[in-house]
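Raw model34.txt, compact mmCIF, C-alpha atoms and all ligand atoms:
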```txt
# COMPACT_ATOMS: atom_id res chain seq x y z
CA LYS D 314 0.00 0.00 0.00
CA GLY D 315 2.05 2.93 -1.25
CA ARG D 316 5.39 1.26 -0.52
CA PRO D 317 7.63 -0.90 -2.67
CA LEU D 318 6.82 -4.49 -1.85
CA VAL D 319 9.32 -6.75 -0.14
CA TYR D 320 7.85 -10.18 -0.67
CA PHE D 321 9.29 -12.70 1.76
CA ASP D 322 6.40 -15.17 1.81
CA ASN D 323 7.73 -17.37 -0.97
CA ALA D 324 7.43 -20.58 1.01
CA ALA D 325 3.66 -20.00 1.07
CA THR D 326 3.53 -19.23 -2.63
CA SER D 327 5.94 -17.58 -5.04
CA GLN D 328 5.10 -14.62 -7.25
CA LYS D 329 4.44 -15.52 -10.88
CA PRO D 330 6.76 -14.51 -13.71
CA GLN D 331 5.19 -12.74 -16.69
CA VAL D 332 5.83 -15.81 -18.89
CA VAL D 333 3.53 -17.83 -16.63
CA ILE D 334 0.79 -15.19 -16.69
CA ASP D 335 1.19 -14.95 -20.48
CA ALA D 336 0.81 -18.71 -20.85
CA LEU D 337 -2.48 -18.58 -18.94
CA VAL D 338 -3.79 -15.68 -21.00
CA ASN D 339 -2.64 -17.30 -24.22
CA TYR D 340 -4.47 -20.53 -23.46
CA TYR D 341 -7.72 -18.80 -22.54
CA SER D 342 -7.44 -16.31 -25.42
CA ASN D 343 -6.35 -18.60 -28.21
CA TYR D 344 -6.94 -22.30 -27.67
CA ASN D 345 -9.28 -22.82 -24.75
CA ALA D 346 -10.78 -26.30 -25.13
CA ASN D 347 -11.29 -29.44 -23.10
CA ILE D 348 -8.54 -31.99 -23.50
CA HIS D 349 -8.09 -35.63 -24.52
CA ARG D 350 -11.61 -36.07 -25.87
CA GLY D 351 -11.98 -33.51 -28.62
CA ILE D 352 -10.93 -34.13 -32.20
CA HIS D 353 -11.09 -30.49 -33.27
CA THR D 354 -7.98 -28.34 -33.63
CA LEU D 355 -8.36 -26.39 -30.41
CA ALA D 356 -8.79 -29.59 -28.37
CA GLU D 357 -5.70 -31.04 -30.01
CA GLU D 358 -3.64 -27.96 -29.27
CA ALA D 359 -4.79 -27.83 -25.66
CA THR D 360 -4.15 -31.56 -25.20
CA ALA D 361 -0.66 -31.26 -26.67
CA ALA D 362 0.22 -28.32 -24.41
CA PHE D 363 -1.15 -30.11 -21.34
CA GLU D 364 0.83 -33.26 -22.14
CA GLU D 365 3.98 -31.22 -22.81
CA THR D 366 3.90 -30.16 -19.17
CA ARG D 367 3.91 -33.82 -18.20
CA ASP D 368 7.11 -34.27 -20.18
CA ALA D 369 8.60 -31.15 -18.60
CA VAL D 370 7.75 -32.43 -15.12
CA GLN D 371 9.21 -35.83 -15.95
CA GLN D 372 12.49 -34.13 -16.84
CA PHE D 373 12.32 -31.76 -13.87
CA ILE D 374 12.27 -34.63 -11.36
CA HIS D 375 14.11 -37.17 -13.55
CA ALA D 376 11.29 -39.71 -13.57
CA ALA D 377 11.83 -42.79 -15.70
CA SER D 378 8.57 -42.38 -17.62
CA ARG D 379 5.80 -39.86 -18.21
CA GLU D 380 3.12 -42.32 -17.04
CA GLN D 381 4.45 -41.84 -13.53
CA ILE D 382 3.46 -38.16 -13.48
CA VAL D 383 -0.08 -37.68 -12.19
CA PHE D 384 -1.52 -34.17 -12.15
CA THR D 385 -3.36 -33.15 -9.00
CA ARG D 386 -4.40 -29.86 -7.40
CA GLY D 387 -1.22 -29.78 -5.35
CA THR D 388 0.82 -31.46 -2.65
CA THR D 389 -2.18 -31.84 -0.35
CA GLU D 390 -4.22 -33.68 -2.94
CA SER D 391 -1.23 -35.81 -3.95
CA ILE D 392 -0.71 -37.00 -0.37
CA ASN D 393 -4.41 -37.60 0.12
CA LEU D 394 -4.53 -39.57 -3.12
CA VAL D 395 -1.89 -41.94 -1.76
CA ALA D 396 -3.57 -42.15 1.64
CA TYR D 397 -7.01 -42.92 0.23
CA THR D 398 -5.84 -45.43 -2.39
CA TRP D 399 -2.58 -47.10 -1.40
CA GLY D 400 -3.24 -46.45 2.27
CA ARG D 401 -6.75 -47.87 2.30
CA GLN D 402 -5.62 -50.93 0.37
CA ASN D 403 -2.46 -51.71 2.28
CA ILE D 404 -2.71 -50.41 5.83
CA LYS D 405 -4.12 -52.98 8.24
CA ALA D 406 -4.85 -53.03 11.97
CA GLY D 407 -1.63 -52.91 13.97
CA ASP D 408 0.45 -51.47 11.10
CA GLU D 409 2.59 -48.40 11.57
CA ILE D 410 3.12 -45.25 9.53
CA ILE D 411 6.13 -43.10 10.31
CA ILE D 412 6.14 -39.33 9.83
CA SER D 413 8.25 -36.66 11.54
CA ALA D 414 7.74 -33.91 14.08
CA MET D 415 8.32 -31.28 11.38
CA GLU D 416 5.51 -32.25 9.01
CA HIS D 417 3.02 -29.86 7.47
CA HIS D 418 -0.57 -30.64 8.45
CA SER D 419 -1.12 -32.00 4.94
CA ASN D 420 1.38 -34.76 5.72
CA ILE D 421 -0.12 -35.48 9.13
CA VAL D 422 -3.89 -35.39 8.89
CA PRO D 423 -4.39 -37.80 5.93
CA TRP D 424 -2.36 -40.42 7.80
CA GLN D 425 -4.26 -39.81 11.01
CA ILE D 426 -7.48 -40.41 9.10
CA ILE D 427 -6.18 -43.70 7.66
CA CYS D 428 -4.72 -44.79 11.01
CA GLU D 429 -8.02 -44.15 12.73
CA GLU D 430 -9.97 -45.98 10.07
CA LYS D 431 -7.64 -48.97 10.02
CA LYS D 432 -6.64 -49.04 13.69
CA ALA D 433 -3.05 -48.45 12.69
CA ALA D 434 -0.54 -46.31 14.57
CA LEU D 435 1.31 -43.13 13.65
CA ARG D 436 4.93 -42.98 14.80
CA ILE D 437 6.83 -39.70 14.94
CA ILE D 438 10.54 -39.12 14.27
CA PRO D 439 11.62 -36.50 16.82
CA VAL D 440 13.76 -33.45 16.02
CA ASN D 441 16.64 -31.95 18.01
CA ASP D 442 16.87 -28.33 19.13
CA ASN D 443 18.52 -27.36 15.84
CA GLY D 444 15.52 -28.71 13.97
CA GLU D 445 17.20 -31.83 12.60
CA LEU D 446 15.73 -35.31 12.60
CA LEU D 447 17.08 -37.69 15.20
CA MET D 448 18.15 -40.45 12.85
CA ASP D 449 18.98 -42.88 15.68
CA GLU D 450 15.42 -42.56 16.93
CA TYR D 451 14.17 -43.05 13.39
CA GLN D 452 16.07 -46.32 13.11
CA LYS D 453 14.51 -47.50 16.35
CA LEU D 454 11.01 -46.78 15.01
CA ILE D 455 11.50 -48.98 11.95
CA GLY D 456 10.24 -52.51 12.44
CA PRO D 457 8.14 -55.30 10.95
CA LYS D 458 4.96 -53.25 11.47
CA THR D 459 6.29 -50.28 9.46
CA LYS D 460 4.38 -49.98 6.20
CA LEU D 461 5.06 -46.41 5.09
CA VAL D 462 7.31 -43.48 5.87
CA SER D 463 5.95 -40.11 4.76
CA ILE D 464 8.55 -37.44 5.19
CA VAL D 465 9.08 -33.82 4.25
CA HIS D 466 12.14 -33.18 2.07
CA ALA D 467 12.61 -29.58 3.24
CA SER D 468 10.72 -28.08 6.17
CA ASN D 469 8.52 -25.06 5.46
CA VAL D 470 9.16 -23.79 9.00
CA LEU D 471 12.76 -24.66 9.83
CA GLY D 472 14.22 -24.82 6.35
CA THR D 473 15.85 -28.14 7.31
CA VAL D 474 16.77 -30.37 4.39
CA ASN D 475 16.22 -33.93 5.52
CA PRO D 476 18.52 -36.81 4.50
CA VAL D 477 15.81 -38.44 2.42
CA LYS D 478 18.13 -40.84 0.61
CA GLU D 479 19.26 -42.30 3.90
CA ILE D 480 15.71 -42.33 5.27
CA ILE D 481 14.55 -44.23 2.19
CA ARG D 482 17.46 -46.67 2.18
CA LEU D 483 16.88 -47.62 5.81
CA VAL D 484 13.18 -48.29 5.48
CA HIS D 485 13.37 -50.02 2.11
CA ALA D 486 15.59 -52.54 3.81
CA ALA D 487 12.64 -53.21 6.13
CA GLY D 488 10.25 -53.64 3.20
CA ALA D 489 8.23 -50.44 3.63
CA ILE D 490 7.73 -47.64 1.12
CA VAL D 491 8.35 -43.89 1.27
CA LEU D 492 6.46 -40.79 0.24
CA VAL D 493 8.51 -37.60 0.03
CA ASP D 494 6.73 -34.26 0.47
CA GLY D 495 8.60 -32.06 -1.98
CA ALA D 496 6.44 -28.95 -1.56
CA GLN D 497 9.41 -26.89 -0.37
CA SER D 498 12.35 -28.79 -1.83
CA SER D 499 11.27 -28.87 -5.47
CA VAL D 500 11.91 -25.17 -6.05
CA HIS D 501 15.32 -25.10 -4.36
CA LEU D 502 16.98 -28.50 -4.77
CA ASP D 503 17.74 -30.70 -7.74
CA ILE D 504 15.19 -33.46 -7.66
CA ASP D 505 16.05 -36.89 -9.00
CA VAL D 506 13.38 -39.34 -7.92
CA GLN D 507 15.29 -42.29 -9.32
CA ASP D 508 18.49 -41.45 -7.49
CA MET D 509 16.49 -40.70 -4.34
CA ASP D 510 14.68 -44.03 -4.85
CA CYS D 511 11.44 -42.70 -3.33
CA ASP D 512 8.17 -44.48 -4.02
CA PHE D 513 6.10 -41.28 -4.16
CA PHE D 514 7.05 -37.63 -4.54
CA ALA D 515 4.47 -34.85 -4.13
CA PHE D 516 4.75 -31.16 -4.96
CA SER D 517 2.79 -28.04 -5.96
CA ALA D 518 3.25 -25.79 -8.97
CA HIS D 519 2.49 -22.59 -7.09
CA LYS D 520 5.63 -22.79 -4.98
CA ILE D 521 7.79 -23.10 -8.11
CA TYR D 522 6.70 -19.87 -9.83
CA GLY D 523 3.71 -21.68 -11.33
CA PRO D 524 -0.04 -21.19 -10.90
CA THR D 525 -2.14 -22.33 -7.97
CA GLY D 526 -4.37 -25.36 -8.31
CA ALA D 527 -1.86 -27.58 -10.09
CA GLY D 528 0.47 -30.14 -8.59
CA VAL D 529 2.06 -33.50 -9.12
CA LEU D 530 2.12 -36.95 -7.69
CA TYR D 531 5.04 -39.02 -8.92
CA GLY D 532 4.89 -42.71 -8.12
CA ARG D 533 6.84 -45.88 -8.70
CA LYS D 534 5.17 -47.50 -11.68
CA LYS D 535 4.49 -50.90 -10.13
CA ILE D 536 2.90 -49.29 -7.09
CA LEU D 537 0.77 -46.86 -9.11
CA GLU D 538 -0.43 -49.76 -11.25
CA SER D 539 -1.35 -51.82 -8.22
CA MET D 540 -3.26 -48.99 -6.55
CA PRO D 541 -7.04 -48.75 -6.64
CA VAL D 542 -8.52 -45.70 -8.34
CA PHE D 543 -9.05 -42.46 -6.44
CA MET D 544 -11.95 -40.49 -7.90
CA GLY D 545 -14.36 -41.94 -10.40
CA GLY D 546 -15.60 -40.07 -13.44
CA GLY D 547 -14.69 -39.20 -16.99
CA GLU D 548 -11.18 -39.74 -18.33
CA MET D 549 -10.19 -42.32 -15.71
CA ILE D 550 -12.15 -45.09 -17.43
CA LYS D 551 -11.58 -47.39 -20.38
CA GLU D 552 -15.11 -48.66 -20.70
CA VAL D 553 -18.24 -48.13 -18.66
CA THR D 554 -21.29 -50.37 -18.57
CA PHE D 555 -23.73 -50.72 -15.72
CA ALA D 556 -22.44 -54.23 -15.21
CA LYS D 557 -18.74 -53.38 -15.08
CA THR D 558 -16.34 -50.49 -15.56
CA THR D 559 -12.71 -50.88 -16.55
CA TYR D 560 -10.14 -48.26 -15.76
CA ASN D 561 -7.76 -46.26 -17.88
CA ASP D 562 -3.99 -46.74 -17.97
CA LEU D 563 -1.53 -44.61 -16.04
CA PRO D 564 -1.51 -41.72 -15.47
CA TYR D 565 -5.12 -41.08 -16.57
CA LYS D 566 -6.46 -43.65 -14.14
CA PHE D 567 -5.88 -41.03 -11.42
CA GLU D 568 -7.03 -37.98 -13.38
CA ALA D 569 -10.82 -38.10 -13.24
CA GLY D 570 -12.81 -35.25 -14.77
CA THR D 571 -11.66 -32.11 -16.51
CA PRO D 572 -8.29 -31.24 -15.01
CA ASN D 573 -6.89 -27.82 -14.29
CA ILE D 574 -5.89 -27.38 -17.92
CA ALA D 575 -4.78 -23.74 -17.97
CA ASP D 576 -2.70 -23.98 -14.83
CA VAL D 577 -1.02 -27.20 -15.84
CA ILE D 578 -0.16 -25.67 -19.22
CA ALA D 579 1.26 -22.55 -17.58
CA PHE D 580 3.23 -24.71 -15.13
CA LYS D 581 5.53 -25.62 -18.01
CA ALA D 582 6.38 -21.95 -18.47
CA ALA D 583 7.31 -21.80 -14.78
CA LEU D 584 9.59 -24.81 -15.07
CA GLN D 585 11.24 -23.26 -18.12
CA PHE D 586 11.65 -19.98 -16.24
CA LEU D 587 13.49 -21.78 -13.45
CA GLN D 588 15.55 -23.76 -15.91
CA ASN D 589 16.53 -20.62 -17.82
CA ALA D 590 17.48 -18.88 -14.60
CA GLY D 591 19.57 -21.96 -13.73
CA LYS D 592 18.59 -23.83 -10.60
CA ALA D 593 22.18 -23.95 -9.31
CA ARG D 594 22.59 -20.20 -9.79
CA VAL D 595 19.27 -19.50 -8.09
CA ARG D 596 20.20 -21.78 -5.23
CA LYS D 597 23.51 -19.97 -4.74
CA HIS D 598 21.73 -16.61 -4.70
CA GLU D 599 19.10 -17.81 -2.21
CA HIS D 600 21.75 -19.39 -0.02
CA GLU D 601 23.65 -16.11 0.12
CA LEU D 602 20.45 -14.36 1.17
CA LEU D 603 19.86 -16.99 3.83
CA LEU D 604 23.36 -16.59 5.28
CA TYR D 605 23.17 -12.82 5.10
CA ALA D 606 19.73 -12.67 6.73
CA THR D 607 20.77 -15.15 9.43
CA GLY D 608 23.81 -13.03 10.30
CA ARG D 609 21.86 -9.77 10.33
CA LEU D 610 18.96 -11.15 12.39
CA GLU D 611 21.39 -12.58 14.94
CA GLU D 612 22.67 -9.07 15.56
CA ILE D 613 19.27 -7.96 16.86
CA PRO D 614 18.91 -8.43 20.62
CA GLY D 615 15.95 -10.64 21.54
CA VAL D 616 15.73 -12.39 18.16
CA ARG D 617 16.01 -16.16 18.27
CA ILE D 618 16.20 -18.18 15.08
CA ILE D 619 14.18 -21.41 15.11
CA GLY D 620 15.85 -23.95 12.84
CA ARG D 621 19.61 -24.18 12.78
CA ALA D 622 20.10 -27.29 10.74
CA LYS D 623 23.39 -27.73 8.92
CA GLU D 624 21.60 -27.98 5.61
CA LYS D 625 18.78 -25.53 4.98
CA VAL D 626 16.79 -24.11 2.10
CA SER D 627 16.20 -20.35 2.10
CA VAL D 628 13.58 -20.32 4.83
CA ILE D 629 14.28 -18.54 8.09
CA SER D 630 11.97 -18.65 11.09
CA PHE D 631 12.45 -16.60 14.22
CA VAL D 632 10.79 -15.43 17.40
CA VAL D 633 11.35 -12.17 19.23
CA ASP D 634 11.48 -12.05 23.04
CA LYS D 635 8.33 -10.73 24.70
CA THR D 636 6.48 -10.16 21.43
CA HIS D 637 3.86 -12.13 19.53
CA PRO D 638 4.79 -13.12 15.96
CA GLN D 639 1.54 -11.69 14.63
CA ASP D 640 2.29 -8.21 16.03
CA ILE D 641 5.68 -8.26 14.32
CA GLY D 642 4.03 -9.40 11.09
CA ILE D 643 1.49 -6.57 11.16
CA LEU D 644 4.12 -3.92 11.84
CA LEU D 645 6.32 -5.25 9.04
CA ASP D 646 3.33 -5.31 6.70
CA ASN D 647 2.77 -1.62 7.43
CA ARG D 648 6.23 -1.08 5.97
CA GLY D 649 5.47 -3.13 2.86
CA ILE D 650 7.31 -6.24 4.04
CA ALA D 651 5.33 -9.45 3.58
CA VAL D 652 6.39 -12.20 5.96
CA ARG D 653 4.46 -15.15 7.27
CA THR D 654 3.53 -15.43 10.91
CA GLY D 655 1.84 -18.16 12.90
CA HIS D 656 2.16 -21.92 13.12
CA HIS D 657 2.70 -22.42 9.36
CA CYS D 658 0.36 -25.44 9.32
CA ALA D 659 2.82 -27.26 11.58
CA GLU D 660 1.24 -27.03 15.02
CA PRO D 661 2.98 -30.12 16.44
CA LEU D 662 6.33 -28.53 15.56
CA MET D 663 5.34 -25.36 17.43
CA GLN D 664 4.49 -27.55 20.41
CA ARG D 665 7.90 -29.23 20.12
CA PHE D 666 9.63 -25.84 20.35
CA ASN D 667 7.12 -24.59 22.90
CA ILE D 668 6.27 -21.45 20.93
CA PRO D 669 2.94 -20.10 19.66
CA GLY D 670 4.34 -19.49 16.22
CA THR D 671 7.22 -17.86 14.38
CA VAL D 672 7.86 -15.04 11.98
CA ARG D 673 9.09 -16.56 8.74
CA ALA D 674 10.97 -14.96 5.87
CA SER D 675 11.51 -17.15 2.82
CA PHE D 676 13.53 -16.10 -0.20
CA ALA D 677 13.15 -16.56 -3.93
CA VAL D 678 15.12 -15.74 -7.06
CA TYR D 679 13.94 -12.11 -7.20
CA ASN D 680 14.82 -11.16 -3.59
CA THR D 681 17.84 -9.02 -2.75
CA LYS D 682 20.17 -8.17 0.12
CA GLU D 683 18.70 -4.66 0.17
CA GLU D 684 15.34 -6.22 0.92
CA VAL D 685 16.88 -8.17 3.78
CA ASP D 686 18.22 -4.85 5.08
CA GLU D 687 14.66 -3.48 4.89
CA LEU D 688 13.45 -6.44 6.91
CA VAL D 689 16.12 -5.91 9.54
CA SER D 690 15.47 -2.19 9.94
CA GLY D 691 11.70 -2.78 9.90
CA LEU D 692 12.11 -5.41 12.56
CA GLN D 693 14.25 -3.16 14.72
CA LYS D 694 11.57 -0.45 14.53
CA ALA D 695 8.80 -2.95 15.23
CA ILE D 696 10.60 -4.23 18.33
CA LYS D 697 11.06 -0.66 19.56
N1 LIG Y 701 3.97 -29.64 2.61
C1 LIG Y 701 4.75 -28.59 2.86
C2 LIG Y 701 6.11 -28.80 3.46
C3 LIG Y 701 4.30 -27.30 2.55
O1 LIG Y 701 5.08 -26.24 2.80
C4 LIG Y 701 3.03 -27.12 1.98
C5 LIG Y 701 2.49 -25.76 1.64
N2 LIG Y 701 2.67 -24.80 2.63
C6 LIG Y 701 2.26 -28.27 1.72
C7 LIG Y 701 2.77 -29.49 2.05
C8 LIG Y 701 0.90 -28.18 1.13
O2 LIG Y 701 0.97 -27.69 -0.17
P1 LIG Y 701 -0.35 -27.21 -0.91
O3 LIG Y 701 -1.05 -26.26 0.01
O4 LIG Y 701 0.16 -26.55 -2.15
O5 LIG Y 701 -1.16 -28.43 -1.20
```

Render the structure in this file as structure tokens.
Ligand code: PMP
Amino acid sequence: KGRPLVYFDNAATSQKPQVVIDALVNYYSNYNANIHRGIHTLAEEATAAFEETRDAVQQFIHAASREQIVFTRGTTESINLVAYTWGRQNIKAGDEIIISAMEHHSNIVPWQIICEEKKAALRIIPVNDNGELLMDEYQKLIGPKTKLVSIVHASNVLGTVNPVKEIIRLVHAAGAIVLVDGAQSSVHLDIDVQDMDCDFFAFSAHKIYGPTGAGVLYGRKKILESMPVFMGGGEMIKEVTFAKTTYNDLPYKFEAGTPNIADVIAFKAALQFLQNAGKARVRKHEHELLLYATGRLEEIPGVRIIGRAKEKVSVISFVVDKTHPQDIGILLDNRGIAVRTGHHCAEPLMQRFNIPGTVRASFAVYNTKEEVDELVSGLQKAIK
């Protein structure tokens, strides 16, 4: 409102580059049509553009095949899809699902629902005071009852990058499978699902410079094939009679109804934007901002950073002595600085650190050191 914007709420959603907005406008202006079913030119163009994003996503996460890329509304829907299909089919009474103390609610609640339904148990990997997983405790949790580990790759609160390869290796040895929540990692880290060896990987377009309402579930082919369908409707079927319905092949089996065509199409422009910028270059820039902001915030008396893991993405959470995060957030907003305050959909993690919430600044490609300086001086004034 009358001030240049400093946007530090990128972990919630990133701003959208013009190329992404243009892709949306171009689709609606020039070739708006429903996909897969039409034989007219517009339908063919829209279908081709939609399917091109699938190829782009396949490359982005280094999946072995395009059939393993299922479009959803986002990370939340991707996790729920797995819970309601694989989970319902495979989780039995007495089984155990392992998650961690730093999960987003979207990687807690679906498993609670399944555990309650199936009389299974949820086991929690604890975190240390730096916000790192206690891997020894994790190893102790793994046992014959373990069926699934669902773990966040990078924490939206602490910034912690978890050792997912090691987590996966350990539990695969015990015969269980792993879902990785890549909502925060996919924009910052190089993702190679084959190297990681995860069974599922979930992420959202809107945190990677893409539109809202589009996301991805990657799955191991054998597992996706064995899974029951999620939603029933058009597109996910091969043949329907009242006596019997047969289902479509991957990935369409999980894409019932008209998908979010425009946003999926524009997602490709976002991935290209990130590729053109160079993920390694962007990461270096964001890491510099993280180090700079950490150093500057540490200089302010009363500021305590929550999340001091050795490996972090560019997310920095902090609390200020004798103040409520929301008050800090409002005062910063008055100065045109957008930060996130509150529990960040990770209430159990707040309970672990015994705090009501944090102030969170998260950095993207377009942020600068000058903006960090603005945050620091705004914060100093707010504290005063
Ligand atoms: N997991 C993590 C770690 C997140 O940060 C978020 C978004 N804040 C989600 C899951 C959920 O993503 P979405 O709201 O896009 O479904």

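When CA of Ile618 (chain D) is paired with CA of Gln639 (chain D), their separation reads 16.0 Å.
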
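Considering the residues D:Gly655, D:Gly387, D:Gly591, D:Gly670 and counting all atoms listed in the file, ligand LIG 701 (chain Y) has its shortest atom-to-atom contact with D:Gly387.
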
Can you tell me which residues surround Gly546 (chain D) at a distance of at most 12 Å, considering all atoms listed in the file, apart from same-chain residues fewer than 2 positions away, and format the answer as a PDB file with C-alpha atoms, in the frame of the given file?
```pdb
ATOM      1  CA  VAL D 542      -8.520 -45.700  -8.340  1.00  0.00           C
ATOM      2  CA  PHE D 543      -9.050 -42.460  -6.440  1.00  0.00           C
ATOM      3  CA  MET D 544     -11.950 -40.490  -7.900  1.00  0.00           C
ATOM      4  CA  GLU D 548     -11.180 -39.740 -18.330  1.00  0.00           C
ATOM      5  CA  MET D 549     -10.190 -42.320 -15.710  1.00  0.00           C
ATOM      6  CA  ILE D 550     -12.150 -45.090 -17.430  1.00  0.00           C
ATOM      7  CA  LYS D 551     -11.580 -47.390 -20.380  1.00  0.00           C
ATOM      8  CA  GLU D 552     -15.110 -48.660 -20.700  1.00  0.00           C
ATOM      9  CA  VAL D 553     -18.240 -48.130 -18.660  1.00  0.00           C
ATOM     10  CA  THR D 558     -16.340 -50.490 -15.560  1.00  0.00           C
ATOM     11  CA  THR D 559     -12.710 -50.880 -16.550  1.00  0.00           C
ATOM     12  CA  TYR D 560     -10.140 -48.260 -15.760  1.00  0.00           C
ATOM     13  CA  ASN D 561      -7.760 -46.260 -17.880  1.00  0.00           C
ATOM     14  CA  TYR D 565      -5.120 -41.080 -16.570  1.00  0.00           C
ATOM     15  CA  LYS D 566      -6.460 -43.650 -14.140  1.00  0.00           C
ATOM     16  CA  PHE D 567      -5.880 -41.030 -11.420  1.00  0.00           C
ATOM     17  CA  GLU D 568      -7.030 -37.980 -13.380  1.00  0.00           C
ATOM     18  CA  ALA D 569     -10.820 -38.100 -13.240  1.00  0.00           C
ATOM     19  CA  GLY D 570     -12.810 -35.250 -14.770  1.00  0.00           C
ATOM     20  CA  THR D 571     -11.660 -32.110 -16.510  1.00  0.00           C
ATOM     21  CA  PRO D 572      -8.290 -31.240 -15.010  1.00  0.00           C
TER      22      PRO D 572
END
```

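The residue set within 10 Å of Ile668 (chain D), counting all atoms listed in the file and dropping same-chain residues fewer than 6 places from it, reads Ile619, Val632, His637, Pro638, Gly655, His656, Glu660 and Leu662 of chain D.
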
Can you pull out every residue within 9 Å of region 408-414 of chain D, counting all atoms listed in the file, but drop anything in the same chain fewer than 5 positions away, and send it as a PyMOL selection string? chain D and resi 420-421+424+428+431-440+446+451+454-465+659+661-662+665

Test item: axis-aligned box, all listed atoms of ligand LIG 701 (chain Y), 8 Å on each side, centre and edges in Å rounded to one decimal, as lines of an AutoDock Vina configuration file:
```
center_x = 2.5
center_y = -27.2
center_z = 0.7
size_x = 23.3
size_y = 20.8
size_z = 21.6
```

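CA of Glu429 (chain D) to CA of Tyr397 (chain D) spans 12.6 Å [interatomic distance, one decimal].
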
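Each of D:Gly547, D:Pro423, D:Gly691, D:Pro564 was checked against Leu610 (chain D) using all atoms listed in the file; the smallest atom-to-atom distance is that of D:Gly691.
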
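Interatomic distance, CA of Val628 (chain D) to CA of Leu471 (chain D): 6.7 Å.
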
Env. residues ligand LIG 701 (chain Y) / 8 Å / only C-alpha atoms and all ligand atoms / as a PyMOL selection string: chain D and resi 324-326+386-391+416-420+465-470+494-497+516-520+525-526+528+657-658

Written file, previous selection with C-alpha atoms, as a PDB file, in the frame of the given file:
```
ATOM      1  CA  ALA D 324       7.430 -20.580   1.010  1.00  0.00           C
ATOM      2  CA  ALA D 325       3.660 -20.000   1.070  1.00  0.00           C
ATOM      3  CA  THR D 326       3.530 -19.230  -2.630  1.00  0.00           C
ATOM      4  CA  ARG D 386      -4.400 -29.860  -7.400  1.00  0.00           C
ATOM      5  CA  GLY D 387      -1.220 -29.780  -5.350  1.00  0.00           C
ATOM      6  CA  THR D 388       0.820 -31.460  -2.650  1.00  0.00           C
ATOM      7  CA  THR D 389      -2.180 -31.840  -0.350  1.00  0.00           C
ATOM      8  CA  GLU D 390      -4.220 -33.680  -2.940  1.00  0.00           C
ATOM      9  CA  SER D 391      -1.230 -35.810  -3.950  1.00  0.00           C
ATOM     10  CA  GLU D 416       5.510 -32.250   9.010  1.00  0.00           C
ATOM     11  CA  HIS D 417       3.020 -29.860   7.470  1.00  0.00           C
ATOM     12  CA  HIS D 418      -0.570 -30.640   8.450  1.00  0.00           C
ATOM     13  CA  SER D 419      -1.120 -32.000   4.940  1.00  0.00           C
ATOM     14  CA  ASN D 420       1.380 -34.760   5.720  1.00  0.00           C
ATOM     15  CA  VAL D 465       9.080 -33.820   4.250  1.00  0.00           C
ATOM     16  CA  HIS D 466      12.140 -33.180   2.070  1.00  0.00           C
ATOM     17  CA  ALA D 467      12.610 -29.580   3.240  1.00  0.00           C
ATOM     18  CA  SER D 468      10.720 -28.080   6.170  1.00  0.00           C
ATOM     19  CA  ASN D 469       8.520 -25.060   5.460  1.00  0.00           C
ATOM     20  CA  VAL D 470       9.160 -23.790   9.000  1.00  0.00           C
ATOM     21  CA  ASP D 494       6.730 -34.260   0.470  1.00  0.00           C
ATOM     22  CA  GLY D 495       8.600 -32.060  -1.980  1.00  0.00           C
ATOM     23  CA  ALA D 496       6.440 -28.950  -1.560  1.00  0.00           C
ATOM     24  CA  GLN D 497       9.410 -26.890  -0.370  1.00  0.00           C
ATOM     25  CA  PHE D 516       4.750 -31.160  -4.960  1.00  0.00           C
ATOM     26  CA  SER D 517       2.790 -28.040  -5.960  1.00  0.00           C
ATOM     27  CA  ALA D 518       3.250 -25.790  -8.970  1.00  0.00           C
ATOM     28  CA  HIS D 519       2.490 -22.590  -7.090  1.00  0.00           C
ATOM     29  CA  LYS D 520       5.630 -22.790  -4.980  1.00  0.00           C
ATOM     30  CA  THR D 525      -2.140 -22.330  -7.970  1.00  0.00           C
ATOM     31  CA  GLY D 526      -4.370 -25.360  -8.310  1.00  0.00           C
ATOM     32  CA  GLY D 528       0.470 -30.140  -8.590  1.00  0.00           C
ATOM     33  CA  HIS D 657       2.700 -22.420   9.360  1.00  0.00           C
ATOM     34  CA  CYS D 658       0.360 -25.440   9.320  1.00  0.00           C
TER      35      CYS D 658
END
```

Val477 (chain D) surroundings by all atoms listed in the file, 8 Å radius, close-in-sequence under 2 positions cut, as a list in words: Ile464, His466, Asn475, Glu479, Ile480, Ile481, Val493 and Met509 of chain D

Given only C-alpha atoms as the basis, pick out the residue of D:Pro524, D:Gly407, D:Gly472, D:Gly315 nearest to Ala575 (chain D). D:Pro524

Which residues are close to Pro317 (chain D), i.e. within 9 Å by all atoms listed in the file, leaving aside same-chain residues fewer than 6 positions away? Reply as JSON, numbers by chain. {"D": [648, 649, 650]}

Protein, DNA and RNA residues within 12 Å of (23.4, -23.8, -6.3), only C-alpha atoms, as an MDAnalysis selection string: chainID D and resid 500:503 590:601 626:627 678

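Across D:Ala527, D:Ile504, D:Lys534, D:Val370, the tightest approach to Asn573 (chain D) is made by D:Ala527 when counting only C-alpha atoms.
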
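Candidate residues D:Asp640, D:Ile578, D:Lys635, D:Ala486 were compared for distance to Ile348 (chain D), and the nearest is D:Ile578, using all atoms listed in the file.
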
Would you tabulate, counting all atoms listed in the file, all residues of region 485-520 of chain D that have an atom at most 12 Å from an atom of region 398-403 of chain D, showing the closest pair of atoms and their distance in Å to one decimal, sorted by chain then ascending number, as JSON lines?
```
{"residue": "D:Ala489", "atom": "CA", "partner": "D:Asn403", "partner_atom": "CA", "distance": 10.8}
{"residue": "D:Ile490", "atom": "CA", "partner": "D:Trp399", "partner_atom": "CA", "distance": 10.6}
{"residue": "D:Val491", "atom": "CA", "partner": "D:Trp399", "partner_atom": "CA", "distance": 11.7}
{"residue": "D:Leu492", "atom": "CA", "partner": "D:Trp399", "partner_atom": "CA", "distance": 11.1}
{"residue": "D:Asp512", "atom": "CA", "partner": "D:Trp399", "partner_atom": "CA", "distance": 11.4}
{"residue": "D:Phe513", "atom": "CA", "partner": "D:Trp399", "partner_atom": "CA", "distance": 10.8}
```
